[in-house]
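Okay, so here's the structure we're looking at.
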Amino acid sequence: VKDIYCTWDAYLAARLMNENEESKGLKALHKKYVLDGKEDEFKFDALFKGITADKIPISTFYLYAAHDAIITYELYEYQKQFLYYDKTCDNEARNGMNGVSWVFFNIEMPCIKVVCDMEDNGVKFDFDYQQKLSEKYNKLLEEKTREFYKCCDVYADEIEAYKRANINHKLDTPINMGSPTQIAILLYDILQIEPPDPKSPRGTGEGILKKIDNPITQAILEYREMSKLVSTYIDKLPNCVNPKDGRIHCNFNQYGADTGRFSSSDPNLQNIPSHNKDIRKMFVASDGYLLMSSDYSQQEPKTMAQMCGDPKMIKAYQEGKDLYAEIAALSFNTSYENCLEFRPDGTTNPEGKNRRSQAKSILLGVLYGRGVPSIAEQLGTSTKKAQAIKDSVFKGFPAIPQFEEDSLDMAYEKGYVTTLWGRKRRLPDLQLDEYEFRWKDGTPPDDDLLDFASETDSEEMQEVPEELVRKYMSKLRNAYFGQKRKIFEQANKEGIWIVDNGAKIADAQRQCVNARIQGSASDMSKLAMILVGNDERLKELGFRLLIPVHDELIAECPEENVKECSERFAMLMSQAAESRLDFPIKCDVSVTKEWYGDSIYEK
């Protein structure tokens with residue numbers, strides 16, 4: 001079965017044709033596109049109402065089962081008219097689908113076999129090490145629990161006073177740290193702490209607790225982090241191991257995110273914490289093998305340099321320079337050497353490190369759609385200072401803001417943005433009106449539904465008159481948040497619903513650049529997987545891919561073949577990227593016994 005090459009996957013085709021599809025199931029897609037929204041008469045309930053599948057003879061039931069194959073083929077027949085690639089066809093007539101076709105046939109379809117191989121390979125799990133971690137972290141969890149209750153003891157009198165004054169209080173004895181309700185009572189009712197976020201006056205989420213910065217909230221955060229490590233990873237992962245081979249075989253979804261990124265489940269190996277290296281060390285190389293990981297150096301910034309076409313950024317990469325240091329040098333009008341983290345003699349350069357960090361935060365802020373306040377928080381500075389740094393970077397590299405503007409224009413004009421390889425990310429919310437006006441009950445409040453003599457068109461009756469729309473738009477144009485609410489209430493009294501699409505539009509705007517960069521990075525990583533996973537020489541050497549983690553691929557190979565495998569691994573990954581980049585992209589390979597263990601060999 002592994003040698004059979006799949007030529008068409010209707011699910012992947014559907015995701016490429018519209019990644020925002022509400023229902024991604026086979027029957028729902030068939031109903032929508034093949035049956036034009038009509039119900040399929042060949043439904044289980046219609047054919048076997050009241051009968052369970054185990055009571056139906058196979059000689060009859062196979063006809064129903066075979067229907068899935070038929071509707072899959074019919075869905076394929078619909079999809080192929082959009083996805084079959086023909087260089088001679090009119091791209092505009094196909095709504096710009098040539099790029100999508102290329103991605104389907106050259107990235108997504110060839111990737112299927114590689115994904116199947118990775119799922120079959122799995123990764124070995126170290127039970128002995130897991131047991132040691134379980135003992136260590138459960139003890140730490142107990143310590144964090146005791147620390148929380150020590151903090152509560154300081155306020156024992158206040159807690160008891162609250163209980164006496166509130167007969168129907170919801171507090172356990174001791175307070176249940178896992179209960180948001182009880183934590184909210186402790187913080188806001190007993191300790192009388194001022195909520196840091198007016199929109200969430202009784203919030204107990206991580207962001208809010210960090211802002212409160214109280215010994216109790218610190219203890220809660222530390223407990224939660226420890227509890228998640230124990231329950232989600234350390235004590236759960238052994239249950240995911242296949243007892244037949246001692247390996248974890250997770251499910252990879254190669255179109256897990258709308259940008260085309262991978263996701264995984266049962267368990268989610270792409271979400272194993274990287275900041276805690278203990279967890280990843282439970283995953284080890286097979287006997288006689290070594291693990292090797294290879295990741296792209298500055299994958300997303302390099303993708304942006306290519307897409308925005310900034311000559312200074314491209315030149316920096318062609319010369320093998322650190323882009324963040326180069327951006328800092330031009331932005332802050334100093335030398336490149338003054339913006340490096342280390343001096344030529346190897347000593348730390350604090351001022352250079354700071355300049356480089358500022359430039360990096362600005363560039364990544366653009367990549368991930370973060371606003372200036374978010375960047376300021378990350379830099380630990382004021383919004384005004386962060387804006388000044390951003391202005392300096394944009395002045396030195398005008399192609400970056402131009403790329404932002406071009407991406408927005410593309411999304412507004414076409415309803416989508418594209419990656420380097422042609423994948424689309426559709427952002428329909430950008431084309432919404434800022435406000436929508438509707439009658440609450442579908443018709444004006446004074447409308448006489450029994451007035452059959454009226455010649456007014458029914459659709460016109462459902463629309464709010466232009467003069468009313470203009471009236472409320474003039475009020476909303478310069479209104480603050482609190483004022484808007486009053487305007488909405490006033491319109492509501494007149495029987496009008498005003499839908500504010502501002503948040504949706506802003507979210508779509510933030511996604512424009514990130515969707516292009518993250519989607520291109522995803523395309524690049526998948527092309528690397530295809531090259532690496534199908535390379536005959538690597539197969540001869542016993543090399544096998546195990547896990548993709550965004551810009552990084554994890555694999556293993558026999559110990560005696562480490563040198564050749566690591567060199568070929570890095571070469572093929574670079575080759576996949578350089579098919580669209582105008583400069584080299586380095587891949588760093590690290591060889592270890594366990595994931596994130598001490599490096600044995602580096603290329």
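Residues are named by chain letter and number: chains run A, B, ... in the order of the structure tokens, numbers start at 1 in each chain, and ligands are numbered from 1 in the order shown.
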**Message:** So that I can check the secondary structure, give me every residue of region 214-422 of chain A assigned helix (DSSP H, G or I) by backbone DSSP, as a PyMOL selection string.
**Reply:** chain A and resi 215-234+237-240+269-271+277-280+299-308+311-318+323-331+337-339+350-367+372-379+383-396+399-414
**Message:** Would you pick out the contacts of Tyr64 (chain A) at 12 Å or less, using only C-alpha atoms, so that residues sharing its chain but fewer than 5 positions from it are not included, and give the list as a ChimeraX atom specification?
**Reply:** /A:41-48,53,56-59,69-71
Could you write out that same residue set with N, CA and C atoms as an mmCIF file, in the first residue's frame?
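Dumped everything to part_24.cif:
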data_model
loop_
_atom_site.group_PDB
_atom_site.id
_atom_site.type_symbol
_atom_site.label_atom_id
_atom_site.label_comp_id
_atom_site.auth_asym_id
_atom_site.auth_seq_id
_atom_site.Cartn_x
_atom_site.Cartn_y
_atom_site.Cartn_z
ATOM 1 N N GLU A 41 -30.464 12.000 -1.494
ATOM 2 C CA GLU A 41 -31.513 11.023 -1.150
ATOM 3 C C GLU A 41 -30.923 9.720 -0.615
ATOM 4 N N PHE A 42 -29.655 9.509 -0.912
ATOM 5 C CA PHE A 42 -29.003 8.269 -0.502
ATOM 6 C C PHE A 42 -28.422 8.432 0.901
ATOM 7 N N LYS A 43 -29.290 8.792 1.870
ATOM 8 C CA LYS A 43 -28.835 9.012 3.241
ATOM 9 C C LYS A 43 -29.178 7.800 4.103
ATOM 10 N N PHE A 44 -28.366 7.564 5.105
ATOM 11 C CA PHE A 44 -28.541 6.385 5.954
ATOM 12 C C PHE A 44 -29.925 6.351 6.581
ATOM 13 N N ASP A 45 -30.333 7.480 7.175
ATOM 14 C CA ASP A 45 -31.631 7.510 7.872
ATOM 15 C C ASP A 45 -32.788 7.278 6.920
ATOM 16 N N ALA A 46 -32.648 7.751 5.693
ATOM 17 C CA ALA A 46 -33.731 7.560 4.722
ATOM 18 C C ALA A 46 -33.824 6.113 4.268
ATOM 19 N N LEU A 47 -32.680 5.438 4.189
ATOM 20 C CA LEU A 47 -32.660 4.057 3.705
ATOM 21 C C LEU A 47 -32.894 3.026 4.805
ATOM 22 N N PHE A 48 -32.353 3.304 5.988
ATOM 23 C CA PHE A 48 -32.392 2.295 7.070
ATOM 24 C C PHE A 48 -32.925 2.899 8.368
ATOM 25 N N ALA A 53 -26.437 -0.159 11.931
ATOM 26 C CA ALA A 53 -25.622 -0.716 10.849
ATOM 27 C C ALA A 53 -25.310 -2.198 11.054
ATOM 28 N N ILE A 56 -27.814 -4.738 9.482
ATOM 29 C CA ILE A 56 -28.061 -4.719 8.041
ATOM 30 C C ILE A 56 -27.149 -5.733 7.352
ATOM 31 N N PRO A 57 -27.678 -6.610 6.524
ATOM 32 C CA PRO A 57 -26.839 -7.606 5.821
ATOM 33 C C PRO A 57 -25.787 -6.921 4.952
ATOM 34 N N ILE A 58 -24.592 -7.486 4.941
ATOM 35 C CA ILE A 58 -23.501 -6.909 4.146
ATOM 36 C C ILE A 58 -23.879 -6.850 2.670
ATOM 37 N N SER A 59 -24.640 -7.848 2.222
ATOM 38 C CA SER A 59 -25.047 -7.885 0.812
ATOM 39 C C SER A 59 -25.896 -6.675 0.427
ATOM 40 N N ALA A 69 -17.721 6.259 -2.186
ATOM 41 C CA ALA A 69 -16.747 6.270 -3.281
ATOM 42 C C ALA A 69 -17.303 7.040 -4.484
ATOM 43 N N ILE A 70 -18.600 6.871 -4.729
ATOM 44 C CA ILE A 70 -19.229 7.555 -5.863
ATOM 45 C C ILE A 70 -19.220 9.067 -5.659
ATOM 46 N N ILE A 71 -19.623 9.508 -4.462
ATOM 47 C CA ILE A 71 -19.693 10.963 -4.248
ATOM 48 C C ILE A 71 -18.288 11.577 -4.167
#
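For Leu141 (chain A), the residues within 7 Å (counting only C-alpha atoms, excluding itself and residues fewer than 5 positions away along the chain) are Tyr223, Met226 and Ser227 of chain A.
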Based on the selection just made, write N, CA, C and O atoms of those residues as a PDB file, in the first residue's frame.
ATOM      1  N   TYR A 223       2.006  27.212  39.524  1.00  0.00           N
ATOM      2  CA  TYR A 223       1.290  25.941  39.699  1.00  0.00           C
ATOM      3  C   TYR A 223       0.675  25.495  38.366  1.00  0.00           C
ATOM      4  O   TYR A 223       0.765  24.331  37.986  1.00  0.00           O
ATOM      5  N   MET A 226       3.263  24.133  35.955  1.00  0.00           N
ATOM      6  CA  MET A 226       3.735  22.817  36.372  1.00  0.00           C
ATOM      7  C   MET A 226       2.655  21.763  36.146  1.00  0.00           C
ATOM      8  O   MET A 226       2.936  20.650  35.687  1.00  0.00           O
ATOM      9  N   SER A 227       1.418  22.122  36.453  1.00  0.00           N
ATOM     10  CA  SER A 227       0.301  21.192  36.306  1.00  0.00           C
ATOM     11  C   SER A 227       0.104  20.801  34.838  1.00  0.00           C
ATOM     12  O   SER A 227      -0.161  19.639  34.521  1.00  0.00           O
TER      13      SER A 227
END
Mind dumping a table of every region 462-529 of chain A residue within 12 Å of region 345-363 of chain A, with the nearest atom pair and its distance in Å to one decimal, using only C-alpha atoms, sorted by chain and rising number, as JSON lines?
{"residue": "A:Val513", "atom": "CA", "partner": "A:Leu363", "partner_atom": "CA", "distance": 11.4}
{"residue": "A:Asn514", "atom": "CA", "partner": "A:Leu363", "partner_atom": "CA", "distance": 11.4}
{"residue": "A:Ile517", "atom": "CA", "partner": "A:Leu363", "partner_atom": "CA", "distance": 12.0}
**Prompt:** Which is closest to Ile554 (chain A) among A:Lys170, A:Lys144, A:Arg280, A:Lys150, if we use only C-alpha atoms?
**Reply:**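 Under the stated criterion, the closest residue is A:Arg280.
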